[in-house]
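What follows is final06.txt (compact mmCIF, C-alpha atoms).
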```
# COMPACT_ATOMS: atom_id res chain seq x y z
CA MET A 187 -29.03 -18.72 -17.81
CA ALA A 188 -28.37 -16.11 -20.48
CA ARG A 189 -26.42 -13.06 -19.36
CA THR A 190 -27.42 -9.47 -19.98
CA PHE A 191 -25.16 -6.55 -20.85
CA THR A 192 -25.55 -2.99 -21.97
CA SER A 193 -22.44 -2.14 -23.97
CA LEU A 194 -19.76 -3.62 -26.25
CA ALA A 195 -16.25 -2.43 -27.06
CA PHE A 196 -14.50 -3.67 -30.20
CA LEU A 197 -10.73 -4.12 -30.16
CA ALA A 198 -8.86 -5.32 -33.25
CA SER A 199 -5.34 -6.37 -34.12
CA PRO A 200 -3.47 -4.26 -36.70
CA ALA A 201 -4.17 -6.88 -39.40
CA GLU A 202 -6.24 -5.55 -42.30
CA GLU A 203 -8.85 -8.30 -41.95
CA ALA A 204 -9.31 -7.55 -38.24
CA GLN A 205 -9.56 -3.80 -38.81
CA LYS A 206 -12.24 -4.27 -41.48
CA ALA A 207 -14.21 -6.59 -39.19
CA ALA A 208 -14.09 -4.01 -36.41
CA ALA A 209 -15.42 -1.30 -38.72
CA ASP A 210 -18.26 -3.54 -39.92
CA LEU A 211 -19.28 -4.56 -36.40
CA LYS A 212 -19.12 -1.03 -35.00
CA ALA A 213 -21.46 0.12 -37.77
CA ILE A 214 -23.99 -2.55 -36.78
CA TYR A 215 -23.71 -2.67 -32.98
CA GLY A 216 -22.14 0.64 -32.00
CA ASP A 217 -18.97 0.95 -29.96
CA HIS A 218 -18.16 2.01 -26.39
CA ASP A 219 -14.99 2.92 -24.59
CA ALA A 220 -13.25 -0.25 -23.42
CA ASP A 221 -12.99 1.06 -19.86
CA ARG A 222 -16.78 1.42 -19.63
CA ALA A 223 -18.02 -1.50 -21.73
CA ASP A 224 -19.42 -4.69 -20.18
CA VAL A 225 -17.93 -6.98 -22.83
CA ILE A 226 -14.78 -6.62 -24.92
CA VAL A 227 -15.00 -8.14 -28.41
CA ALA A 228 -11.47 -9.03 -29.54
CA LEU A 229 -10.89 -9.41 -33.28
CA GLY A 230 -7.68 -11.08 -34.43
CA GLY A 231 -5.76 -14.26 -33.69
CA ASP A 232 -4.66 -16.07 -30.56
CA GLY A 233 -1.81 -13.64 -29.92
CA PHE A 234 -4.19 -10.69 -29.89
CA MET A 235 -6.57 -12.58 -27.59
CA LEU A 236 -3.74 -13.19 -25.10
CA GLN A 237 -2.82 -9.50 -25.27
CA THR A 238 -6.44 -8.51 -24.59
CA LEU A 239 -6.76 -10.93 -21.67
CA HIS A 240 -3.59 -9.49 -20.12
CA GLN A 241 -4.98 -5.96 -20.49
CA THR A 242 -8.33 -6.87 -18.89
CA MET A 243 -6.98 -9.07 -16.10
CA ASN A 244 -8.85 -8.49 -12.82
CA SER A 245 -11.00 -5.78 -14.42
CA GLY A 246 -14.15 -7.89 -14.17
CA LYS A 247 -14.67 -7.51 -17.91
CA LEU A 248 -15.64 -10.42 -20.13
CA VAL A 249 -13.73 -10.99 -23.39
CA TYR A 250 -15.43 -12.52 -26.42
CA GLY A 251 -13.06 -13.22 -29.31
CA MET A 252 -13.78 -13.77 -32.99
CA ASN A 253 -11.15 -15.16 -35.30
CA ARG A 254 -9.65 -12.73 -37.78
CA GLY A 255 -6.18 -14.27 -37.54
CA SER A 256 -4.61 -17.58 -38.49
CA VAL A 257 -5.05 -20.42 -35.96
CA GLY A 258 -7.64 -18.85 -33.68
CA PHE A 259 -7.82 -21.68 -31.14
CA LEU A 260 -8.88 -19.22 -28.45
CA MET A 261 -11.41 -17.49 -30.69
CA ASN A 262 -15.01 -18.03 -31.74
CA ARG A 263 -16.17 -18.22 -35.35
CA TYR A 264 -16.44 -14.81 -37.01
CA SER A 265 -19.85 -13.56 -38.09
CA THR A 266 -21.55 -10.19 -38.11
CA GLU A 267 -24.95 -11.80 -37.43
CA ASN A 268 -26.65 -12.25 -34.03
CA LEU A 269 -23.63 -11.10 -32.06
CA THR A 270 -25.70 -9.83 -29.14
CA ALA A 271 -27.50 -13.17 -28.80
CA ARG A 272 -24.25 -15.13 -29.12
CA ILE A 273 -22.63 -13.16 -26.31
CA CYS A 274 -25.71 -13.47 -24.10
CA ASN A 275 -25.63 -17.26 -24.45
CA ALA A 276 -21.85 -17.74 -24.36
CA VAL A 277 -20.10 -19.96 -21.80
CA GLU A 278 -17.81 -18.16 -19.36
CA ASN A 279 -14.41 -19.54 -18.32
CA ALA A 280 -12.51 -17.82 -15.53
CA PHE A 281 -8.96 -18.93 -14.87
CA ARG A 282 -5.86 -17.87 -12.98
CA PRO A 283 -2.59 -17.13 -14.78
CA LEU A 284 0.89 -18.20 -13.75
CA GLU A 285 3.10 -15.70 -11.94
CA MET A 286 6.73 -15.77 -13.04
CA GLN A 287 9.53 -14.16 -11.04
CA THR A 288 13.01 -14.18 -12.50
CA THR A 289 16.30 -13.37 -10.79
CA ASP A 290 19.47 -12.54 -12.70
CA GLY A 291 23.09 -12.95 -11.72
CA GLN A 292 23.15 -9.55 -9.99
CA GLY A 293 20.08 -10.33 -7.91
CA ALA A 294 17.67 -8.12 -9.89
CA THR A 295 14.13 -9.50 -10.13
CA PHE A 296 11.36 -9.21 -12.71
CA LYS A 297 7.72 -10.34 -12.51
CA ALA A 298 5.25 -11.20 -15.28
CA LEU A 299 1.99 -13.11 -15.78
CA ALA A 300 1.40 -16.01 -18.18
CA ILE A 301 -1.98 -17.25 -19.36
CA ASN A 302 -0.51 -19.95 -21.62
CA GLU A 303 2.91 -20.89 -20.29
CA VAL A 304 6.24 -19.89 -18.83
CA TYR A 305 9.16 -21.32 -20.76
CA LEU A 306 12.93 -21.24 -20.59
CA PHE A 307 15.21 -21.74 -23.58
CA ARG A 308 18.93 -21.77 -24.27
CA GLN A 309 20.39 -18.53 -25.54
CA SER A 310 23.50 -19.94 -27.20
CA TYR A 311 24.65 -23.00 -29.13
CA GLN A 312 25.20 -24.91 -25.87
CA ALA A 313 22.39 -26.86 -24.21
CA ALA A 314 20.94 -25.47 -21.00
CA LYS A 315 21.58 -27.17 -17.69
CA LEU A 316 18.73 -26.76 -15.21
CA ARG A 317 17.90 -27.86 -11.68
CA VAL A 318 14.17 -28.40 -11.05
CA VAL A 319 12.79 -27.85 -7.54
CA ILE A 320 9.12 -28.46 -6.65
CA ASP A 321 7.82 -27.03 -3.37
CA GLY A 322 11.36 -26.83 -2.02
CA LYS A 323 12.34 -30.40 -2.96
CA THR A 324 14.81 -31.05 -5.76
CA ARG A 325 13.18 -33.35 -8.31
CA LEU A 326 15.80 -33.12 -11.06
CA GLU A 327 19.34 -32.37 -9.96
CA GLU A 328 20.44 -31.66 -13.52
CA LEU A 329 18.37 -31.50 -16.70
CA THR A 330 20.28 -30.95 -19.93
CA CYS A 331 17.95 -29.69 -22.65
CA ASP A 332 17.12 -26.96 -25.14
CA GLY A 333 14.37 -25.64 -22.86
CA LEU A 334 11.67 -26.32 -20.29
CA LEU A 335 8.11 -25.03 -20.03
CA LEU A 336 5.28 -25.00 -17.50
CA ALA A 337 1.86 -24.81 -19.18
CA THR A 338 -1.64 -24.14 -17.90
CA PRO A 339 -4.61 -26.15 -19.22
CA ALA A 340 -5.48 -23.16 -21.41
CA GLY A 341 -1.96 -23.18 -22.84
CA SER A 342 -1.48 -26.93 -23.04
CA THR A 343 -2.51 -26.98 -26.73
CA ALA A 344 0.00 -24.27 -27.68
CA TYR A 345 3.81 -24.53 -27.36
CA ASN A 346 3.39 -27.38 -24.85
CA LEU A 347 1.67 -29.57 -27.44
CA SER A 348 4.33 -28.78 -30.05
CA ALA A 349 6.94 -29.97 -27.52
CA HIS A 350 4.98 -33.26 -27.17
CA GLY A 351 3.51 -32.31 -23.80
CA PRO A 352 0.08 -33.56 -22.65
CA ILE A 353 -3.19 -31.81 -23.44
CA LEU A 354 -4.97 -30.85 -20.20
CA PRO A 355 -8.76 -30.50 -19.86
CA LEU A 356 -9.61 -26.88 -19.02
CA GLU A 357 -11.17 -27.89 -15.69
CA ALA A 358 -8.17 -29.99 -14.59
CA PRO A 359 -6.32 -28.62 -11.51
CA LEU A 360 -3.01 -29.46 -13.19
CA LEU A 361 0.04 -27.91 -14.83
CA ALA A 362 2.20 -29.58 -17.48
CA LEU A 363 5.99 -29.46 -16.99
CA THR A 364 7.46 -30.33 -20.39
CA PRO A 365 11.09 -30.43 -21.57
CA VAL A 366 12.17 -29.25 -25.01
CA SER A 367 14.65 -31.62 -26.67
CA PRO A 368 15.88 -33.26 -23.44
CA PHE A 369 19.35 -34.79 -23.70
CA ARG A 370 19.86 -36.01 -20.15
CA PRO A 371 17.98 -37.65 -18.52
CA ARG A 372 17.17 -38.82 -22.04
CA ARG A 373 13.98 -40.67 -21.20
CA TRP A 374 12.41 -37.94 -19.06
CA ARG A 375 9.37 -36.60 -20.89
CA GLY A 376 7.95 -34.26 -18.28
CA ALA A 377 5.49 -34.34 -15.40
CA LEU A 378 1.94 -33.43 -14.45
CA LEU A 379 1.88 -31.22 -11.37
CA PRO A 380 -0.92 -30.04 -9.07
CA ASN A 381 -1.73 -26.43 -9.82
CA HIS A 382 -0.98 -25.33 -6.25
CA VAL A 383 2.76 -26.15 -6.34
CA THR A 384 5.65 -23.71 -6.64
CA VAL A 385 8.21 -24.57 -9.31
CA GLU A 386 11.74 -23.19 -9.06
CA ILE A 387 14.21 -23.62 -11.89
CA GLU A 388 17.87 -22.87 -11.25
CA ILE A 389 20.15 -22.30 -14.21
CA LEU A 390 23.41 -24.19 -13.79
CA GLU A 391 26.56 -22.73 -15.38
CA ALA A 392 24.52 -19.61 -16.21
CA ASP A 393 27.51 -17.65 -17.53
CA LYS A 394 28.62 -20.44 -19.85
CA ARG A 395 25.12 -21.60 -20.81
CA PRO A 396 22.85 -18.50 -20.74
CA VAL A 397 19.09 -19.02 -20.59
CA ASN A 398 16.15 -16.70 -21.33
CA ALA A 399 12.71 -16.93 -19.70
CA VAL A 400 9.37 -16.00 -21.29
CA ALA A 401 5.91 -15.50 -19.76
CA ASP A 402 3.55 -15.53 -22.77
CA HIS A 403 5.02 -12.58 -24.72
CA GLN A 404 7.35 -11.04 -22.09
CA GLU A 405 10.95 -12.21 -22.36
CA VAL A 406 13.74 -11.82 -19.82
CA LYS A 407 17.31 -12.49 -20.91
CA SER A 408 20.10 -14.23 -19.00
CA VAL A 409 18.21 -15.40 -15.93
CA ALA A 410 19.82 -17.24 -13.02
CA LYS A 411 16.65 -18.50 -11.34
CA VAL A 412 12.94 -18.62 -12.18
CA ARG A 413 10.08 -19.09 -9.71
CA ILE A 414 6.62 -20.01 -11.02
CA ALA A 415 3.31 -20.40 -9.18
CA GLU A 416 -0.35 -20.00 -10.03
CA SER A 417 -1.64 -16.55 -9.10
CA GLU A 418 -3.86 -16.39 -6.03
CA ASN A 419 -5.54 -13.08 -6.84
CA MET A 420 -5.50 -12.52 -10.62
CA THR A 421 -8.29 -13.74 -12.91
CA ALA A 422 -8.98 -13.62 -16.65
CA ARG A 423 -12.51 -14.13 -18.02
CA ILE A 424 -13.26 -15.38 -21.52
CA LEU A 425 -16.48 -16.23 -23.35
CA SER A 426 -16.99 -19.03 -25.89
CA ASP A 427 -19.96 -20.17 -27.94
CA PRO A 428 -21.73 -23.10 -26.24
CA ASP A 429 -21.44 -25.28 -29.35
CA HIS A 430 -17.67 -24.61 -29.53
CA SER A 431 -16.55 -24.16 -25.92
CA TRP A 432 -12.93 -24.21 -24.79
CA SER A 433 -13.52 -27.53 -23.04
CA ASP A 434 -14.88 -29.01 -26.28
CA ARG A 435 -11.96 -27.65 -28.28
CA ILE A 436 -9.39 -29.12 -25.90
CA LEU A 437 -11.19 -32.47 -25.88
CA ALA A 438 -11.42 -32.51 -29.69
CA GLU A 439 -7.72 -31.67 -29.99
CA GLN A 440 -6.87 -34.95 -28.24
CA PHE A 441 -8.55 -36.90 -31.06
CA SER A 442 -7.21 -34.87 -33.98
CA ASN A 443 -4.47 -36.05 -36.32
```

Would you write out, as structure tokens, the structure that this file holds?
Amino acid sequence: MARTFTSLAFLASPAEEAQKAAADLKAIYGDHDADRADVIVALGGDGFMLQTLHQTMNSGKLVYGMNRGSVGFLMNRYSTENLTARICNAVENAFRPLEMQTTDGQGATFKALAINEVYLFRQSYQAAKLRVVIDGKTRLEELTCDGLLLATPAGSTAYNLSAHGPILPLEAPLLALTPVSPFRPRRWRGALLPNHVTVEIEILEADKRPVNAVADHQEVKSVAKVRIAESENMTARILSDPDHSWSDRILAEQFSN
């Protein structure tokens, strides 16, 4: 059933192409304050879409993106025509982000949300040494690698795919745990985990082999331990054209060269 709405707000990345698109669309459809609008129209690339989803998390607002960036995997095709009808007929996807909590060597903690992935990477020339614990049980006593990431289905086609991790259907209740350049165990290529588990990663020899942690765009330096679990109370809502839905995009990606 088509949705109804009364107001749109246009948000654009600083890129010249996105700013021009925002001006054109505002002239045609008007513009409302983002706090009061029913639907946020995000104009830019995937990075700007992630930024917008973080800003609108748990607000109840729907985000409809149009690509004015480079890759634009998360975005719909840009057009100034029939925007109202496209939004009314768009498919809604609601999903829960990952919650990352880091602890440093002094015991200080930091929390952040990730829509795509949480990843750890070595800070120096030396490989990282990590212990991987799932729901309190040690699964890898020592993983020597350049990094390790935990990706959501929405993020499985991003950094996870570049690291040769699996593509996850958007509806799959799974998370992808993928190593980056694993050295030992050499043949370990990652794991598929139920989305209800808690993943704890302990950094071994943290002073000698410092590691940073990143939740989407928020980076924490020199962590000693990272805890990751799917959020129980945070939700992001995104709209996609029915002939180019997120599910279709993820499926198509599995058959691309």

Within 12 Å of Gly233 of chain A, counting only C-alpha atoms, which residues show up once you throw out same-chain ones fewer than 3 positions away? Write them as a short mmCIF file (atom, residue, chain, number, x, y, z; two decimals) with C-alpha atoms, in the coordinates of the input, please.
```
data_model
loop_
_atom_site.label_atom_id
_atom_site.label_comp_id
_atom_site.auth_asym_id
_atom_site.auth_seq_id
_atom_site.Cartn_x
_atom_site.Cartn_y
_atom_site.Cartn_z
CA ALA A 198 -8.86 -5.32 -33.25
CA SER A 199 -5.34 -6.37 -34.12
CA PRO A 200 -3.47 -4.26 -36.70
CA ALA A 201 -4.17 -6.88 -39.40
CA ALA A 228 -11.47 -9.03 -29.54
CA LEU A 229 -10.89 -9.41 -33.28
CA GLY A 230 -7.68 -11.08 -34.43
CA LEU A 236 -3.74 -13.19 -25.10
CA GLN A 237 -2.82 -9.50 -25.27
CA THR A 238 -6.44 -8.51 -24.59
CA LEU A 239 -6.76 -10.93 -21.67
CA HIS A 240 -3.59 -9.49 -20.12
CA GLY A 251 -13.06 -13.22 -29.31
CA ASN A 253 -11.15 -15.16 -35.30
CA ARG A 254 -9.65 -12.73 -37.78
CA GLY A 255 -6.18 -14.27 -37.54
CA SER A 256 -4.61 -17.58 -38.49
CA VAL A 257 -5.05 -20.42 -35.96
CA GLY A 258 -7.64 -18.85 -33.68
CA PHE A 259 -7.82 -21.68 -31.14
CA LEU A 260 -8.88 -19.22 -28.45
CA MET A 261 -11.41 -17.49 -30.69
CA ILE A 301 -1.98 -17.25 -19.36
CA ASN A 302 -0.51 -19.95 -21.62
CA GLY A 341 -1.96 -23.18 -22.84
CA ALA A 344 0.00 -24.27 -27.68
CA ASP A 402 3.55 -15.53 -22.77
CA HIS A 403 5.02 -12.58 -24.72
#
```

Considering only C-alpha atoms, return as a PDB file with C-alpha atoms, in the frame of the given file whatever protein or nucleic-acid residues lie within 7 Å of Arg413 of chain A, sequence-local ones (same chain, fewer than 4 positions apart) excluded.
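Dumped to part.pdb:
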```pdb
ATOM      1  CA  MET A 286       6.730 -15.770 -13.040  1.00  0.00           C
ATOM      2  CA  GLN A 287       9.530 -14.160 -11.040  1.00  0.00           C
ATOM      3  CA  THR A 288      13.010 -14.180 -12.500  1.00  0.00           C
ATOM      4  CA  VAL A 385       8.210 -24.570  -9.310  1.00  0.00           C
ATOM      5  CA  GLU A 386      11.740 -23.190  -9.060  1.00  0.00           C
ATOM      6  CA  ILE A 387      14.210 -23.620 -11.890  1.00  0.00           C
TER       7      ILE A 387
END
```

Distance cut-off 12 Å, centre (15.3, -20.2, -23.4) in file coordinates, counting all atoms listed in the file: which residues qualify? Return them as number ranges by chain.
A: 304-316, 331-335, 365-367, 389, 392, 395-401, 405-410, 412

With all atoms listed in the file as the atoms that count, which of A:Ala195, A:Met420, A:Met235, A:Leu299 lies nearest to Asp217 of chain A?
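Counting all atoms listed in the file, the residue closest to Asp217 of chain A is A:Ala195.
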
Set the distance at 8 Å and use all atoms listed in the file: which residues neighbour Val277 of chain A once local chain neighbours fewer than 2 positions away are removed? I'd like the list as an mmCIF file with C-alpha atoms, keeping the file's coordinate frame.
```cif
data_model
loop_
_atom_site.group_PDB
_atom_site.id
_atom_site.type_symbol
_atom_site.label_atom_id
_atom_site.label_comp_id
_atom_site.auth_asym_id
_atom_site.auth_seq_id
_atom_site.Cartn_x
_atom_site.Cartn_y
_atom_site.Cartn_z
ATOM 1 C CA ASN A 275 -25.630 -17.260 -24.450
ATOM 2 C CA ASN A 279 -14.410 -19.540 -18.320
ATOM 3 C CA LEU A 425 -16.480 -16.230 -23.350
ATOM 4 C CA SER A 426 -16.990 -19.030 -25.890
ATOM 5 C CA ASP A 427 -19.960 -20.170 -27.940
ATOM 6 C CA PRO A 428 -21.730 -23.100 -26.240
ATOM 7 C CA SER A 431 -16.550 -24.160 -25.920
#
```

Atom CA of His382 of chain A and atom CA of Glu278 of chain A, how far apart in Å?
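If I compute the distance from atom CA of Glu278 of chain A to atom CA of His382 of chain A, I get 22.5 Å.
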
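For the residues A:Lys212, A:Lys206, A:Arg282, A:Arg189, ranking by smallest atom-to-atom distance to Glu357 of chain A using all atoms listed in the file places A:Arg282 first.
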
Which polymer residues have any atom within 12 Å of an atom of Trp374 of chain A, counting all atoms listed in the file, with same-chain residues fewer than 3 positions away left out, as a list of chain:residue names?
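My list of contacting residues is A:Arg325, A:Leu326, A:Glu328, A:Leu329, A:Thr330, A:Cys331, A:Leu334, A:His350, A:Gly351, A:Leu363, A:Thr364, A:Pro365, A:Val366, A:Ser367, A:Pro368, A:Phe369, A:Arg370, A:Pro371, A:Ala377.
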
Output file for the residues above (C-alpha atoms, as an mmCIF file, keeping the file's coordinate frame):
```cif
data_model
loop_
_atom_site.group_PDB
_atom_site.id
_atom_site.type_symbol
_atom_site.label_atom_id
_atom_site.label_comp_id
_atom_site.auth_asym_id
_atom_site.auth_seq_id
_atom_site.Cartn_x
_atom_site.Cartn_y
_atom_site.Cartn_z
ATOM 1 C CA ARG A 325 13.180 -33.350 -8.310
ATOM 2 C CA LEU A 326 15.800 -33.120 -11.060
ATOM 3 C CA GLU A 328 20.440 -31.660 -13.520
ATOM 4 C CA LEU A 329 18.370 -31.500 -16.700
ATOM 5 C CA THR A 330 20.280 -30.950 -19.930
ATOM 6 C CA CYS A 331 17.950 -29.690 -22.650
ATOM 7 C CA LEU A 334 11.670 -26.320 -20.290
ATOM 8 C CA HIS A 350 4.980 -33.260 -27.170
ATOM 9 C CA GLY A 351 3.510 -32.310 -23.800
ATOM 10 C CA LEU A 363 5.990 -29.460 -16.990
ATOM 11 C CA THR A 364 7.460 -30.330 -20.390
ATOM 12 C CA PRO A 365 11.090 -30.430 -21.570
ATOM 13 C CA VAL A 366 12.170 -29.250 -25.010
ATOM 14 C CA SER A 367 14.650 -31.620 -26.670
ATOM 15 C CA PRO A 368 15.880 -33.260 -23.440
ATOM 16 C CA PHE A 369 19.350 -34.790 -23.700
ATOM 17 C CA ARG A 370 19.860 -36.010 -20.150
ATOM 18 C CA PRO A 371 17.980 -37.650 -18.520
ATOM 19 C CA ALA A 377 5.490 -34.340 -15.400
#
```
